[in-house]
Amino acid sequence: MRFALSIAGLALLLLALLVAAIATGSTALPFGKVVATLVGAASDASASSRIILDLRLPRALLALMVGAGLGIVGCLLQTATRNDLADPFLFGLSSGAAAGAVFVITITGDLFGIWTLPAAAFTGGMAASVIVLMLVTRMGDQGPARLVLAGLSVSFLFMAFTNYLVFAGDQRAAHSVLFWSLGGLGLARWDLLPVALAGLAVILVFALAQHRRFDALLAGDDTARTLGVDVARLRKLTFLACAFATAAFVSISGVIGFVGLMVPHIARALAGPLHGRLIVLSALIGGCLLLISDIAARSLLAPQELPVGIVTTSIGAAFILALLGRAR
């Protein structure tokens with residue numbers, strides 16, 4: 001009963017936030033106009049309708065998909081590594097994608113039009129995941145601690161490469177690099193949304209298909225093996241699925257931190273540790289969190305827009321402090 005109420009409440013909150021995100025911006029729009037346009041009651045070709053359908057709706061949907069996907073990614077990584085602070089940052093996935101995007105911004109430029117930046121970021125994220133898996137495979141011990149160490153080393157490597165590109169490349173692009181590396185939803189377009197949708201679909205389908213194996217991991221590697229789970233294979237598949245999804249998200253939205261870290265903790269408080277329910281709640285909470293962050297990013301310094309990563313990082317810092325206080 002509690003789970004059903006949580007699902008219903010979060011679904012209603014998500015819809016309300018979706019409308020609020022569309023109504024918020026440099027030009028505020030009435031909620032009634034937004035709802036009428038979305039349901040098709042207002043079919044005019046006015047400027048406000050074009051703003052809603054062509055600009056703000058794709059942005060709100062992108063925030064929903066990226067937030068939901070990062071929430072699931074964080075949930076799976078925390079279980080696979082038995083680390084409550086695990087998120088895509090920890091394993092170099094975000095750093096690799098950022099390096100790919102910054103390489104394009106500072107060195108090559110838009111060789112392939114609007115697809116150049118997403119393609120480069122996606123390639124960088126997948127390259128980072130391949131390097132991490134190669135490092136782990138060459139180690140005798142392929143446990144979660146080794147995966148975390150390999151991920152951290154690759155993350156720092158790509159961060160150093162990114163910083164080098166910023167200083168060695170075109171200095172006129174520094175502002176674009178800063179805004180993109182802090183996360184933003186300004187690239188939201190209807191023709192780019194399938195990239196984020198593919199990332200969300202891959203991680204959601206994988207998580208739901210493997211949720212019983214993740215439940216077995218909660219009891220420890222040895223117990224999971226006695227239940228027929230190939231633990232090493234599951235960790236590698238989890239990492240690859242998370243890498244694909246993260247690369248897809250970062251390729252459009254930039255590096256948005258702390259969503260994958262915070263969401264699983266909130267979801268466990270509502271749904272418990274079992275992944276069948278936890279995955280669904282993580283998706284809903286992640287979507288809500290990023291929509292709230294995007295609304296705040298556009299409202300705090302209006303008409304200027306903050307990078308949404310600044311908002312999520314601020315919330316994440318307060319969240320970790322709260323966790324530490326509760327632990328004491």
# chains A, B, ... in the order shown; residues from 1 in each chain; ligands from 1

call {"tool": "residues_around", "arguments": {"residues": "Arg213 (chain A)", "least_positions_apart": "5", "cutoff": "10 Å", "atoms": "only C-alpha atoms", "output": "short mmCIF file (atom, residue, chain, number, x, y, z; two decimals) with N, CA and C atoms, in the first residue's frame"}}
result
data_model
loop_
_atom_site.label_atom_id
_atom_site.label_comp_id
_atom_site.auth_asym_id
_atom_site.auth_seq_id
_atom_site.Cartn_x
_atom_site.Cartn_y
_atom_site.Cartn_z
N ALA A 207 17.89 -3.13 -16.09
CA ALA A 207 17.68 -3.15 -14.64
C ALA A 207 16.50 -4.04 -14.27
N LEU A 218 22.76 -8.33 -2.85
CA LEU A 218 22.65 -7.67 -1.55
C LEU A 218 23.12 -8.57 -0.42
N ALA A 224 25.37 -14.89 -3.55
CA ALA A 224 24.85 -14.73 -4.90
C ALA A 224 25.31 -15.86 -5.81
N ARG A 225 26.56 -16.29 -5.65
CA ARG A 225 27.07 -17.38 -6.48
C ARG A 225 26.33 -18.68 -6.18
N LEU A 227 23.37 -18.92 -5.43
CA LEU A 227 22.04 -18.79 -6.03
C LEU A 227 22.10 -18.81 -7.55
N GLY A 228 23.28 -19.06 -8.10
CA GLY A 228 23.42 -19.19 -9.55
C GLY A 228 23.76 -17.92 -10.29
N VAL A 229 24.19 -16.88 -9.59
CA VAL A 229 24.53 -15.60 -10.24
C VAL A 229 26.01 -15.58 -10.58
N ASP A 230 26.33 -15.32 -11.84
CA ASP A 230 27.71 -15.11 -12.26
C ASP A 230 28.07 -13.66 -11.90
N VAL A 231 28.66 -13.47 -10.74
CA VAL A 231 28.84 -12.13 -10.18
C VAL A 231 29.75 -11.27 -11.06
N LEU A 234 27.94 -10.25 -14.19
CA LEU A 234 26.89 -9.28 -13.90
C LEU A 234 27.47 -7.89 -13.70
N HIS A 275 15.06 -4.60 -5.64
CA HIS A 275 15.22 -3.76 -6.82
C HIS A 275 14.00 -3.67 -7.72
#

call {"tool": "residues_around", "arguments": {"residues": "Leu93 (chain A)", "least_positions_apart": "5", "cutoff": "8 Å", "atoms": "only C-alpha atoms", "output": "PyMOL selection string"}}
result
chain A and resi 88+125-126+128-129+155+243+246-247

call {"tool": "closest_residue", "arguments": {"among": "A:Val311, A:Leu55, A:Leu290, A:Val35", "to": "Leu182 (chain A)", "atoms": "only C-alpha atoms"}}
result
A:Val311

call {"tool": "select_by_dssp", "arguments": {"residues": "region 127-224 of chain A", "states": "helix (DSSP H, G or I)", "output": "CSV table (one decimal) with C-alpha atoms, in the first residue's frame"}}
result
chain,number,residue,atom,x,y,z
A,127,ALA,CA,36.1,4.9,-24.3
A,128,ALA,CA,36.4,5.5,-20.5
A,129,SER,CA,34.2,2.5,-19.8
A,130,VAL,CA,36.4,0.2,-22.1
A,131,ILE,CA,39.6,1.4,-20.4
A,132,VAL,CA,38.1,0.7,-16.9
A,133,LEU,CA,37.0,-2.8,-17.9
A,134,MET,CA,40.4,-3.5,-19.5
A,135,LEU,CA,42.1,-2.5,-16.2
A,136,VAL,CA,39.7,-4.7,-14.1
A,137,THR,CA,40.0,-7.7,-16.4
A,144,PRO,CA,33.9,-4.1,-6.4
A,145,ALA,CA,36.9,-2.4,-4.7
A,146,ARG,CA,39.1,-3.0,-7.8
A,147,LEU,CA,36.3,-1.6,-10.1
A,148,VAL,CA,36.1,1.6,-7.9
A,149,LEU,CA,39.9,2.1,-8.0
A,150,ALA,CA,40.1,1.6,-11.7
A,151,GLY,CA,37.2,3.9,-12.2
A,152,LEU,CA,38.7,6.6,-10.1
A,153,SER,CA,42.1,6.4,-11.9
A,154,VAL,CA,40.4,6.7,-15.3
A,155,SER,CA,38.2,9.6,-14.0
A,156,PHE,CA,41.3,11.6,-12.9
A,157,LEU,CA,43.0,10.8,-16.2
A,158,PHE,CA,40.2,12.2,-18.3
A,159,MET,CA,39.8,15.2,-16.0
A,160,ALA,CA,43.5,16.0,-16.5
A,161,PHE,CA,43.1,15.6,-20.3
A,162,THR,CA,40.0,17.9,-20.2
A,163,ASN,CA,41.9,20.6,-18.2
A,164,TYR,CA,44.8,20.4,-20.7
A,165,LEU,CA,42.4,20.9,-23.6
A,166,VAL,CA,40.8,23.9,-22.0
A,167,PHE,CA,44.2,25.6,-21.6
A,168,ALA,CA,45.8,24.4,-24.8
A,171,GLN,CA,40.5,30.2,-25.3
A,172,ARG,CA,37.4,31.8,-26.9
A,173,ALA,CA,35.6,28.5,-26.3
A,174,ALA,CA,36.3,28.5,-22.5
A,175,HIS,CA,32.9,29.9,-21.6
A,176,SER,CA,31.2,27.2,-23.7
A,177,VAL,CA,33.3,24.5,-22.0
A,178,LEU,CA,32.5,25.8,-18.6
A,179,PHE,CA,28.8,25.9,-19.2
A,180,TRP,CA,28.7,22.5,-20.8
A,181,SER,CA,31.0,20.8,-18.2
A,193,LEU,CA,15.7,13.4,-27.7
A,194,PRO,CA,16.0,9.8,-29.2
A,195,VAL,CA,19.6,9.7,-27.9
A,196,ALA,CA,18.5,10.2,-24.3
A,197,LEU,CA,15.5,7.9,-24.8
A,198,ALA,CA,17.8,5.2,-26.0
A,199,GLY,CA,20.0,5.6,-22.9
A,200,LEU,CA,16.9,5.4,-20.6
A,201,ALA,CA,15.5,2.4,-22.5
A,202,VAL,CA,18.7,0.4,-22.3
A,203,ILE,CA,19.3,1.0,-18.6
A,204,LEU,CA,15.6,0.5,-17.6
A,205,VAL,CA,15.2,-2.7,-19.5
A,206,PHE,CA,18.5,-4.1,-18.2
A,207,ALA,CA,17.7,-3.2,-14.6
A,208,LEU,CA,14.2,-4.7,-14.7
A,209,ALA,CA,15.5,-7.9,-16.4
A,211,HIS,CA,16.5,-7.1,-10.7
A,212,ARG,CA,16.4,-10.5,-9.0
A,213,ARG,CA,20.2,-11.0,-9.6
A,214,PHE,CA,20.8,-7.5,-8.0
A,215,ASP,CA,18.6,-8.6,-5.1
A,216,ALA,CA,20.9,-11.7,-4.7
A,217,LEU,CA,24.0,-9.4,-4.7
A,221,ASP,CA,29.1,-12.3,-3.6
A,222,ASP,CA,29.4,-15.8,-2.1
A,223,THR,CA,25.6,-16.1,-1.4
A,224,ALA,CA,24.8,-14.7,-4.9

call {"tool": "residues_around", "arguments": {"residues": "Val255 (chain A)", "least_positions_apart": "2", "cutoff": "7 Å", "atoms": "only C-alpha atoms", "output": "ChimeraX atom specification"}}
result
/A:94,98,181-183,250,253,257,309

call {"tool": "closest_residue", "arguments": {"among": "A:His265, A:Ala21, A:Arg277, A:Gln304", "to": "Ala63 (chain A)", "atoms": "only C-alpha atoms"}}
result
A:Ala21

call {"tool": "atom_distance", "arguments": {"atom1": "CA of Gly32 (chain A)", "atom2": "CA of Leu306 (chain A)"}}
result
26.5 Å

call {"tool": "residues_around", "arguments": {"residues": "Thr24 (chain A)", "least_positions_apart": "3", "cutoff": "9 Å", "atoms": "only C-alpha atoms", "output": "ChimeraX atom specification"}}
result
/A:19-21,27-29,56,295,298-299

call {"tool": "residues_around", "arguments": {"residues": "Leu278 (chain A)", "least_positions_apart": "2", "cutoff": "12 Å", "atoms": "only C-alpha atoms", "output": "count of residues only"}}
result
38

call {"tool": "closest_atom_pairs", "arguments": {"of": "region 218-279 of chain A", "to": "region 118-124 of chain A", "cutoff": "6 Å", "atoms": "only C-alpha atoms", "output": "CSV"}}
result
residue,atom,partner,partner_atom,distance
A:Ala247,CA,A:Phe122,CA,4.6
A:Ala248,CA,A:Phe122,CA,5.8
A:Ser251,CA,A:Pro118,CA,4.2
A:Ile252,CA,A:Pro118,CA,5.7

call {"tool": "write_last_selection", "arguments": {"atoms": "C-alpha atoms", "output": "compact mmCIF listing (two decimals), in the first residue's frame"}}
result
# COMPACT_ATOMS: atom_id res chain seq x y z
CA ALA A 247 27.36 8.49 -22.31
CA ALA A 248 23.99 9.03 -24.01
CA SER A 251 26.30 13.73 -24.75
CA ILE A 252 23.22 16.00 -24.68

call {"tool": "closest_residue", "arguments": {"among": "A:Leu57, A:Met1, A:Leu70, A:Leu10", "to": "Trp190 (chain A)", "atoms": "only C-alpha atoms"}}
result
A:Leu57
